[in-house]
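Engineer: Pasting input_4.txt below, which is compact mmCIF, C-alpha atoms.
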# COMPACT_ATOMS: atom_id res chain seq x y z
CA MET A 1 159.20 197.13 237.68
CA GLU A 2 159.87 200.75 236.75
CA ARG A 3 159.95 201.70 240.44
CA HIS A 4 162.69 199.16 241.08
CA MET A 5 164.72 200.36 238.10
CA ARG A 6 164.52 203.94 239.33
CA HIS A 7 165.83 202.71 242.66
CA ALA A 8 168.68 200.97 240.85
CA LEU A 9 169.48 204.28 239.09
CA ALA A 10 169.55 206.06 242.45
CA LEU A 11 171.92 203.41 243.76
CA ALA A 12 174.14 203.82 240.69
CA ALA A 13 174.46 207.56 241.31
CA ARG A 14 176.16 206.84 244.65
CA GLY A 15 179.23 205.86 242.66
CA ARG A 16 179.63 209.32 241.12
CA GLY A 17 183.23 210.43 241.45
CA PHE A 18 184.41 207.05 242.74
CA VAL A 19 184.13 204.80 239.66
CA GLU A 20 185.22 206.86 236.67
CA PRO A 21 186.33 206.11 233.98
CA ASN A 22 183.96 203.19 234.55
CA PRO A 23 180.22 203.86 234.29
CA MET A 24 177.96 204.24 237.32
CA VAL A 25 175.85 201.10 237.69
CA GLY A 26 173.18 199.99 240.15
CA ALA A 27 171.39 196.65 240.51
CA VAL A 28 168.37 195.23 242.31
CA VAL A 29 167.43 191.55 242.69
CA LEU A 30 163.80 190.44 243.07
CA ASP A 31 162.62 187.00 244.10
CA ALA A 32 159.92 185.16 242.17
CA ALA A 33 157.24 187.02 244.13
CA GLY A 34 158.68 190.43 243.23
CA THR A 35 160.20 191.19 246.64
CA VAL A 36 163.55 192.98 246.80
CA ILE A 37 166.14 190.55 248.17
CA GLY A 38 169.37 192.23 247.13
CA GLU A 39 170.78 195.50 245.89
CA GLY A 40 174.14 197.07 245.17
CA TRP A 41 176.11 199.55 243.13
CA HIS A 42 179.58 199.86 241.62
CA GLN A 43 181.41 201.54 244.48
CA ARG A 44 184.94 202.16 243.25
CA PHE A 45 187.05 201.81 240.12
CA GLY A 46 188.58 198.36 240.01
CA GLY A 47 186.17 196.99 242.61
CA PRO A 48 183.26 194.55 242.27
CA HIS A 49 180.42 195.57 239.97
CA ALA A 50 176.87 196.31 241.07
CA GLU A 51 175.51 192.91 240.09
CA VAL A 52 178.05 191.12 242.29
CA PHE A 53 177.02 193.08 245.38
CA ALA A 54 173.31 192.59 244.71
CA LEU A 55 173.58 188.88 244.00
CA ALA A 56 175.78 188.29 247.06
CA GLN A 57 173.15 189.96 249.23
CA ALA A 58 170.38 187.86 247.68
CA ALA A 59 172.43 184.65 247.99
CA ASP A 60 170.46 181.45 247.28
CA ARG A 61 167.16 183.35 247.14
CA ALA A 62 168.24 184.79 243.78
CA ARG A 63 167.58 181.49 241.99
CA GLY A 64 164.60 181.91 239.67
CA GLY A 65 164.46 185.63 240.37
CA THR A 66 164.87 188.84 238.39
CA LEU A 67 167.92 191.08 238.16
CA LEU A 68 167.33 194.73 237.28
CA VAL A 69 170.51 196.53 236.29
CA THR A 70 171.07 200.01 234.91
CA LEU A 71 173.66 198.86 232.35
CA GLU A 72 174.14 195.65 230.42
CA PRO A 73 176.17 193.13 232.46
CA CYS A 74 179.76 192.82 231.26
CA CYS A 75 180.89 189.62 229.58
CA HIS A 76 184.68 190.14 229.51
CA HIS A 77 187.55 189.79 231.93
CA GLY A 78 188.73 193.24 233.00
CA LYS A 79 189.75 194.21 236.51
CA THR A 80 187.00 191.84 237.69
CA PRO A 81 185.47 188.63 236.27
CA PRO A 82 182.50 188.87 233.88
CA CYS A 83 179.22 189.75 235.58
CA THR A 84 177.42 187.39 233.22
CA ASP A 85 179.20 184.49 234.99
CA ALA A 86 177.83 185.68 238.34
CA VAL A 87 174.31 186.07 236.93
CA LEU A 88 174.28 182.54 235.50
CA ALA A 89 175.83 181.02 238.63
CA ALA A 90 173.13 182.66 240.75
CA GLY A 91 170.37 181.04 238.69
CA ILE A 92 168.70 184.31 237.72
CA ALA A 93 165.76 183.65 235.38
CA ARG A 94 165.22 187.17 234.05
CA VAL A 95 167.46 190.19 233.46
CA VAL A 96 166.06 193.66 232.83
CA ALA A 97 168.68 196.21 231.74
CA ALA A 98 168.07 199.92 231.33
CA MET A 99 170.52 200.19 228.43
CA ALA A 100 173.11 198.27 226.46
CA ASP A 101 176.77 199.02 227.12
CA PRO A 102 178.53 200.49 224.05
CA PHE A 103 181.96 199.56 225.46
CA PRO A 104 183.54 197.57 222.58
CA LYS A 105 184.26 194.48 224.69
CA VAL A 106 180.58 194.31 225.70
CA ALA A 107 178.39 196.07 223.08
CA GLY A 108 175.42 193.74 223.37
CA GLY A 109 177.52 190.64 223.98
CA GLY A 110 176.51 190.36 227.62
CA LEU A 111 172.80 190.34 226.81
CA ALA A 112 173.34 187.91 223.93
CA LEU A 113 175.28 185.52 226.15
CA LEU A 114 172.52 185.53 228.76
CA ARG A 115 169.84 184.91 226.13
CA ALA A 116 171.84 182.02 224.71
CA ALA A 117 171.99 180.51 228.20
CA GLY A 118 168.19 180.59 228.49
CA VAL A 119 167.80 183.74 230.59
CA GLN A 120 164.84 185.97 229.71
CA VAL A 121 166.37 189.34 228.75
CA GLU A 122 164.75 192.77 228.36
CA CYS A 123 166.49 196.06 227.63
CA GLY A 124 165.28 199.67 227.57
CA LEU A 125 163.40 200.23 230.84
CA CYS A 126 164.20 203.83 231.97
CA GLU A 127 166.74 204.06 229.17
CA ALA A 128 166.59 207.86 228.91
CA GLU A 129 167.45 208.24 232.60
CA ALA A 130 170.28 205.73 232.30
CA LEU A 131 171.73 207.56 229.28
CA GLU A 132 171.61 210.85 231.18
CA LEU A 133 173.25 209.36 234.27
CA ASN A 134 176.24 208.08 232.33
CA ALA A 135 176.48 210.83 229.71
CA PRO A 136 180.16 211.56 230.58
CA TYR A 137 181.12 207.89 230.24
CA LEU A 138 179.27 207.63 226.94
CA LYS A 139 180.87 210.80 225.57
CA LEU A 140 184.36 209.56 226.42
CA LEU A 141 183.64 206.28 224.62
CA ARG A 142 182.08 208.01 221.61
CA THR A 143 184.47 210.93 221.08
CA GLY A 144 187.58 210.27 223.14
CA LYS A 145 186.98 213.55 224.98
CA PRO A 146 185.86 214.17 228.57
CA TRP A 147 182.59 215.74 229.65
CA VAL A 148 183.22 219.47 230.05
CA HIS A 149 181.67 221.38 232.95
CA ALA A 150 181.82 225.18 232.58
CA LYS A 151 181.57 227.11 235.84
CA TRP A 152 181.58 230.76 236.79
CA ALA A 153 180.23 233.15 239.40
CA MET A 154 178.94 236.59 238.50
CA THR A 155 177.07 239.58 239.84
CA LEU A 156 173.49 240.36 238.96
CA ASP A 157 174.76 242.69 236.22
CA GLY A 158 176.97 239.98 234.75
CA LYS A 159 180.38 240.99 236.10
CA LEU A 160 183.23 238.63 236.90
CA ALA A 161 185.03 241.28 238.95
CA THR A 162 184.95 245.00 239.62
CA ARG A 163 186.59 247.50 237.28
CA THR A 164 189.77 247.22 239.43
CA GLY A 165 189.84 243.43 239.03
CA ASP A 166 188.70 242.57 242.56
CA SER A 167 186.60 239.41 242.67
CA LYS A 168 186.78 238.12 246.26
CA TRP A 169 184.15 237.21 246.88
CA ILE A 170 181.34 237.44 244.37
CA SER A 171 179.56 234.31 245.53
CA SER A 172 178.49 233.17 248.97
CA ASP A 173 180.03 230.59 251.28
CA GLU A 174 177.26 228.19 250.23
CA SER A 175 178.05 228.62 246.52
CA ARG A 176 181.76 228.16 247.07
CA ALA A 177 181.06 224.98 249.04
CA ARG A 178 179.04 223.71 246.07
CA VAL A 179 182.01 224.36 243.79
CA HIS A 180 184.33 222.43 246.09
CA GLU A 181 181.91 219.50 245.98
CA LEU A 182 182.03 219.65 242.18
CA ARG A 183 185.83 219.76 242.17
CA GLY A 184 185.86 216.69 244.38
CA ARG A 185 184.22 214.50 241.74
CA VAL A 186 185.99 215.61 238.54
CA ASP A 187 189.32 214.48 237.09
CA ALA A 188 190.71 217.93 236.35
CA VAL A 189 190.13 221.63 237.03
CA LEU A 190 191.15 223.91 234.14
CA VAL A 191 192.13 227.56 234.27
CA GLY A 192 193.92 229.97 231.98
CA ARG A 193 197.13 231.94 232.51
CA GLY A 194 195.26 235.07 233.54
CA THR A 195 193.48 233.35 236.41
CA VAL A 196 196.75 232.00 237.79
CA ALA A 197 198.33 235.47 237.63
CA ALA A 198 195.35 237.39 239.03
CA ASP A 199 193.93 235.03 241.66
CA ASP A 200 196.78 232.64 242.60
CA PRO A 201 194.24 229.81 243.06
CA LEU A 202 194.94 226.47 244.73
CA LEU A 203 192.15 224.65 242.80
CA THR A 204 191.85 221.76 245.24
CA ALA A 205 188.63 220.38 246.70
CA ARG A 206 188.21 221.45 250.31
CA PRO A 207 187.23 219.26 252.05
CA ALA A 208 188.58 216.46 249.89
CA GLY A 209 186.07 214.63 247.74
CA ALA A 210 185.92 211.29 245.97
CA ARG A 211 188.67 212.30 243.55
CA VAL A 212 191.79 214.44 243.63
CA PRO A 213 191.55 216.52 240.43
CA ALA A 214 194.62 217.44 238.48
CA ARG A 215 195.11 221.22 238.27
CA VAL A 216 195.42 222.13 234.59
CA VAL A 217 196.73 225.43 233.26
CA VAL A 218 196.34 226.41 229.61
CA SER A 219 199.06 228.91 228.68
CA ALA A 220 200.35 228.96 225.12
CA SER A 221 202.85 231.69 225.98
CA GLY A 222 204.11 230.02 229.16
CA ALA A 223 204.03 233.39 230.90
CA LEU A 224 203.17 232.08 234.36
CA PRO A 225 204.22 233.48 237.75
CA GLU A 226 207.51 232.30 239.20
CA ARG A 227 205.83 231.94 242.58
CA CYS A 228 202.26 230.77 243.12
CA GLN A 229 200.28 228.13 244.97
CA LEU A 230 200.00 225.79 242.00
CA ARG A 231 203.76 225.61 241.47
CA ALA A 232 204.45 225.34 245.20
CA THR A 233 202.13 222.34 245.59
CA ALA A 234 202.81 220.55 242.28
CA ARG A 235 204.52 217.61 243.95
CA ALA A 236 201.60 217.08 246.33
CA VAL A 237 198.73 217.43 243.83
CA PRO A 238 199.27 217.02 240.06
CA VAL A 239 199.70 220.12 237.91
CA ILE A 240 199.59 219.89 234.10
CA VAL A 241 200.53 222.89 231.96
CA TYR A 242 199.65 222.96 228.26
CA THR A 243 202.04 225.35 226.55
CA ASP A 244 203.81 226.18 223.30
CA ASN A 245 206.79 227.56 225.22
CA PRO A 246 208.05 224.92 227.69
CA ASP A 247 211.46 226.62 227.88
CA ARG A 248 209.84 229.42 229.90
CA LEU A 249 208.58 226.92 232.45
CA VAL A 250 211.69 224.92 233.31
CA GLY A 251 211.32 225.95 236.94
CA TRP A 252 207.73 224.70 237.03
CA ALA A 253 208.87 221.33 235.67
CA ALA A 254 211.66 221.17 238.26
CA ASP A 255 209.06 221.72 240.97
CA GLY A 256 206.92 218.83 239.76
CA ALA A 257 204.58 220.23 237.10
CA GLU A 258 204.04 218.23 233.92
CA LEU A 259 204.58 220.33 230.79
CA VAL A 260 202.68 219.24 227.69
CA THR A 261 203.22 220.53 224.17
CA LEU A 262 200.77 219.52 221.46
CA SER A 263 201.80 218.83 217.87
CA GLU A 264 199.44 221.44 216.44
CA GLY A 265 199.87 223.98 219.22
CA VAL A 266 197.67 224.72 222.22
CA SER A 267 193.95 224.60 221.43
CA ILE A 268 190.85 223.57 223.32
CA GLU A 269 190.41 220.65 220.94
CA GLY A 270 193.96 219.46 221.51
CA VAL A 271 193.77 219.84 225.28
CA LEU A 272 190.51 217.88 225.50
CA ASN A 273 191.87 215.15 223.23
CA ASP A 274 194.90 214.77 225.47
CA LEU A 275 192.82 214.71 228.64
CA GLY A 276 190.56 212.10 227.05
CA ALA A 277 193.58 209.98 226.18
CA ARG A 278 194.36 210.01 229.91
CA ARG A 279 190.82 208.61 230.43
CA PHE A 280 189.69 211.72 232.25
CA THR A 281 185.89 211.51 232.26
CA ASN A 282 184.87 214.89 233.75
CA VAL A 283 186.78 218.17 233.61
CA LEU A 284 185.77 221.48 235.17
CA VAL A 285 186.64 224.75 233.42
CA GLU A 286 186.74 227.48 236.06
CA GLY A 287 188.03 230.40 234.03
CA GLY A 288 188.95 233.00 233.37
CA ALA A 289 186.96 234.80 230.73
CA GLY A 290 189.45 234.04 227.95
CA LEU A 291 189.50 230.28 228.52
CA LEU A 292 185.74 230.09 229.01
CA GLY A 293 185.29 232.11 225.82
CA SER A 294 187.50 229.69 223.88
CA VAL A 295 185.54 226.73 225.25
CA LEU A 296 182.20 228.27 224.29
CA ASP A 297 183.41 229.41 220.87
CA ALA A 298 184.46 225.82 220.22
CA ARG A 299 181.06 224.59 221.49
CA ALA A 300 183.08 222.27 223.75
CA ALA A 301 181.08 222.68 227.00
CA ASP A 302 178.51 220.04 227.92
CA GLU A 303 177.21 221.24 231.28
CA PHE A 304 177.04 224.66 232.93
CA HIS A 305 177.20 225.67 236.59
CA VAL A 306 176.59 229.40 237.08
CA PHE A 307 176.30 231.16 240.43
CA VAL A 308 174.56 234.53 240.31
CA ALA A 309 175.04 236.76 243.35
CA PRO A 310 172.51 239.50 244.25
CA LYS A 311 175.16 242.21 243.83
CA VAL A 312 175.58 244.96 241.25
CA ALA A 313 179.18 245.95 240.49
CA GLY A 314 178.66 248.33 237.58
CA GLY A 315 181.53 249.77 235.58
CA ALA A 316 181.92 249.74 231.80
CA GLY A 317 185.40 248.29 232.21
CA ALA A 318 184.43 245.53 234.63
CA PRO A 319 184.99 242.11 232.99
CA SER A 320 182.24 239.65 232.16
CA PRO A 321 182.67 235.91 232.78
CA VAL A 322 182.93 234.83 229.13
CA ALA A 323 185.06 236.49 226.48
CA GLY A 324 186.06 234.97 223.16
CA ARG A 325 184.47 235.71 219.80
CA GLY A 326 180.89 235.17 220.91
CA ALA A 327 177.71 235.13 218.82
CA ASP A 328 176.98 237.71 216.13
CA LEU A 329 173.22 237.40 216.55
CA MET A 330 171.14 236.56 219.59
CA ARG A 331 169.55 233.70 217.68
CA ASP A 332 173.02 232.18 217.47
CA ALA A 333 173.60 232.33 221.23
CA LEU A 334 173.90 229.00 222.99
CA ALA A 335 170.54 228.09 224.52
CA LEU A 336 170.80 225.68 227.44
CA SER A 337 168.47 222.71 227.78
CA ARG A 338 167.06 221.25 230.99
CA ALA A 339 168.00 224.47 232.78
CA THR A 340 167.18 224.68 236.48
CA ALA A 341 167.62 227.43 239.06
CA GLU A 342 167.73 227.01 242.81
CA PRO A 343 168.74 229.09 245.83
CA CYS A 344 172.28 228.61 247.11
CA GLY A 345 172.55 230.76 250.20
CA PRO A 346 171.76 234.29 248.98
CA ASP A 347 172.81 233.34 245.43
CA VAL A 348 171.00 231.55 242.62
CA TYR A 349 172.61 228.42 241.18
CA VAL A 350 171.74 227.90 237.51
CA ARG A 351 172.53 224.53 235.94
CA GLY A 352 171.93 223.55 232.34
CA PHE A 353 173.22 221.52 229.42
CA ALA A 354 174.47 222.41 225.95
Just dump the structure as structure tokens.
Structural biologist:
Amino acid sequence: MERHMRHALALAARGRGFVEPNPMVGAVVLDAAGTVIGEGWHQRFGGPHAEVFALAQAADRARGGTLLVTLEPCCHHGKTPPCTDAVLAAGIARVVAAMADPFPKVAGGGLALLRAAGVQVECGLCEAEALELNAPYLKLLRTGKPWVHAKWAMTLDGKLATRTGDSKWISSDESRARVHELRGRVDAVLVGRGTVAADDPLLTARPAGARVPARVVVSASGALPERCQLRATARAVPVIVYTDNPDRLVGWAADGAELVTLSEGVSIEGVLNDLGARRFTNVLVEGGAGLLGSVLDARAADEFHVFVAPKVAGGAGAPSPVAGRGADLMRDALALSRATAEPCGPDVYVRGFA
């Protein structure tokens, strides 16, 4: 049974980037003899859920069988009918869920409804893996804030650029391709004023991915360039600017950028609260050092993507990737969990979690 649930989790992961702010869900149907007769996953936001695909594939053979699903079946009318209706109509005798769904309109109600209808219900198989898979969805539900990915590239001696400010390119083609893949599955890419001024980034996913991320600039002062790629393309791909000085950015607004002022002024907390209110599930902070420092000082990052190039830039004045206040003592430094390192072209890609 565990093998089938792990397969359902692998199916669920195929929805990454396509289904948010919904959770990723996979399902497998077994007949009475334990043979797989149907499978499916939630493929796009607003589309049929995993159970519907799996049960449709199983058809009449599902009667008396077992449904394994990575998340509790929904029991409410949303963009689609309740999955519990489909489960009961199919004549499923047993449902095994990896985890309950904390969404308020479900929250155990789906499993309770199935039990009341005489279906044998189990919950908790591969729960840890299911929780990890949908950590961004769960964080958004729990806190109202998106999952924050922090990303940077640096030299072997920890430099973001040379002493003259040159940074093209620290990382390899392979590493940059990995970053574009990441951009293509998040809801927003965040940078600070300095990055816009120094690098004139476009911040789109190339080639396009599952999502088109909003380009977000955090600039309390509003001191942004009059001409840059973000402003020039704001009508084609969304640009959001968080600022305390919107009067300085009238031209940006005229060119299609959305200017946002927060009641308590620009802060990481305020920006993440606003992005969460938009139901953004994943956001990628790409820099520069000031913004990344603010995010780390606020302990707001959840996941890290760091590309280390086998280059040594040197220079006492060369910037490092993360500024901010930082830790006073090494024992207070943020220690990542579940850290992994793998080759990415000539670079090393380090991934870990706060």
Engineer: Wanna dump the region 234-294 of chain A-region 139-144 of chain A contacts at 8 Å for me, each residue with its shortest atom pair and the distance in Å to one decimal, counting only C-alpha atoms, ordered by chain and number, as a tab-separated table?
Structural biologist:
residue	atom	partner	partner_atom	distance
A:Asn273	CA	A:Gly144	CA	6.5
A:Gly276	CA	A:Gly144	CA	5.2
A:Ala277	CA	A:Gly144	CA	6.7
A:Arg279	CA	A:Leu140	CA	7.7
A:Thr281	CA	A:Leu140	CA	6.3
Engineer: Nearest to Arg3 (chain A) among A:Trp147, A:Asp247, A:Cys126, A:Gly40, with distances taken over only C-alpha atoms: which residue is it?
Structural biologist: A:Cys126
Engineer: Rank nothing, just name the residue among A:Gly91, A:Gly38, A:Gly108, A:Gly290 nearest to Leu71 (chain A), using all atoms listed in the file.
Structural biologist: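 That would be A:Gly108, the residue with the smallest distance to Leu71 (chain A).
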Engineer: Using CA of Leu291 (chain A) and CA of Ile268 (chain A) as the two end points, give the distance in Å to one decimal.
Structural biologist: 8.6 Å
Engineer: For Leu190 (chain A), which of A:Leu131, A:Val271, A:Leu259, A:Ala236 is the closest residue, counting only C-alpha atoms?
Structural biologist: A:Val271
Engineer: Within 10 Å of (180.9, 199.7, 247.0) (coordinates as in the file), grab all the protein and nucleic acid residues, counting all atoms listed in the file, and write them out as a list in words.
Structural biologist: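 The answer, in the requested form, is Arg14, Gly15, Phe18, Val19, Gly40, Trp41, His42, Gln43, Arg44, Phe45, Gly47, Pro48, His49, Ala50 and Phe53 of chain A.
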Engineer: Between CA of Thr84 (chain A) and CA of Ala12 (chain A), what is the distance, to one decimal in Å?
Structural biologist: 18.3 Å
Engineer: Contacts between region 332-340 of chain A and region 218-300 of chain A, please, where a residue of region 218-300 of chain A counts if it comes within 12 Å (with all atoms listed in the file); show its shortest atom pair and distance in Å to one decimal, rows by chain and ascending number, as a Markdown table.
Structural biologist:
| residue | atom | partner | partner_atom | distance |
| --- | --- | --- | --- | --- |
| A:Leu296 | CA | A:Leu334 | CA | 8.4 |
| A:Asp297 | CA | A:Leu334 | CA | 9.8 |
| A:Ala298 | CA | A:Leu334 | CA | 11.4 |
| A:Arg299 | CA | A:Leu334 | CA | 8.5 |
| A:Ala300 | CA | A:Leu334 | CA | 11.4 |
Engineer: Can you pull out every residue within 12 Å of Arg115 (chain A), counting all atoms listed in the file, but drop anything in the same chain fewer than 5 positions away, and send it as a list in words?
Structural biologist: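 These residues fall inside the cut-off: Thr84, Val87, Leu88, Ile92, Ala93, Arg94, Val95, Val96, Gly108, Gly109, Gly110, Gln120, Val121, Glu122 and Cys123 of chain A.
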Engineer: Taking only C-alpha atoms into account, which of A:Ile170, A:Val241, A:Val196, A:Ala100 comes nearest Pro225 (chain A)?
Structural biologist: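 Using only C-alpha atoms, the shortest distance to Pro225 (chain A) belongs to A:Val196.
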Engineer: Any idea what the distance is between CA of Val217 (chain A) and CA of Ile240 (chain A)?
Structural biologist: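 Distance reported for this atom pair: 6.3 Å.
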Engineer: Would you list the contacts of Leu30 (chain A) as a PyMOL selection string, taking every protein, DNA or RNA residue within 12 Å and counting all atoms listed in the file, but skipping same-chain residues closer than 4 positions in sequence?
Structural biologist: chain A and resi 1+4-5+8+34-39+54-55+57-69+92-96
Engineer: What's around Val250 (chain A) at 12 Å? Count all atoms listed in the file, leave out sequence neighbours fewer than 3 positions away in its own chain, and write the answer as a list in words.
Structural biologist: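 Listed by chain and then number, they are Gly222, Ala223, Leu224, Glu226, Arg231, Val241, Thr243, Asn245, Pro246, Asp247, Ala253, Ala254, Asp255, Gly256, Ala257, Glu258 and Leu259 of chain A.
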Engineer: For Leu9 (chain A), which residue out of A:Leu113, A:Leu284, A:Leu125, A:Ala341 is the nearest one, using only C-alpha atoms?
Structural biologist: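 Smallest distance to Leu9 (chain A) is found for A:Leu125.
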Engineer: Might you pull out every residue within 9 Å of Leu182 (chain A), with all atoms listed in the file counted and same-chain residues fewer than 4 positions away left off, and present them as a PDB file with C-alpha atoms, keeping the file's coordinate frame?
Structural biologist:
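Result file is part.pdb:
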ATOM      1  CA  ALA A 177     181.060 224.980 249.040  1.00  0.00           C
ATOM      2  CA  ARG A 178     179.040 223.710 246.070  1.00  0.00           C
ATOM      3  CA  VAL A 186     185.990 215.610 238.540  1.00  0.00           C
ATOM      4  CA  ALA A 205     188.630 220.380 246.700  1.00  0.00           C
ATOM      5  CA  GLY A 209     186.070 214.630 247.740  1.00  0.00           C
ATOM      6  CA  LEU A 284     185.770 221.480 235.170  1.00  0.00           C
TER       7      LEU A 284
END
Engineer: Between A:Val312, A:Leu111, A:Val216, A:Ala161, which one has atoms that come closest to Ala198 (chain A), using all atoms listed in the file?
Structural biologist: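 Result for the nearest residue to Ala198 (chain A): A:Ala161.
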Engineer: For Lys159 (chain A), please output as a list in words all residues within 7 Å (counting all atoms listed in the file; exclusion window: fewer than 2 positions along the same chain).
Structural biologist: Met154, Thr155, Asp157, Ala161, Ala313, Ala318, Pro319, Ser320 and Pro321 of chain A
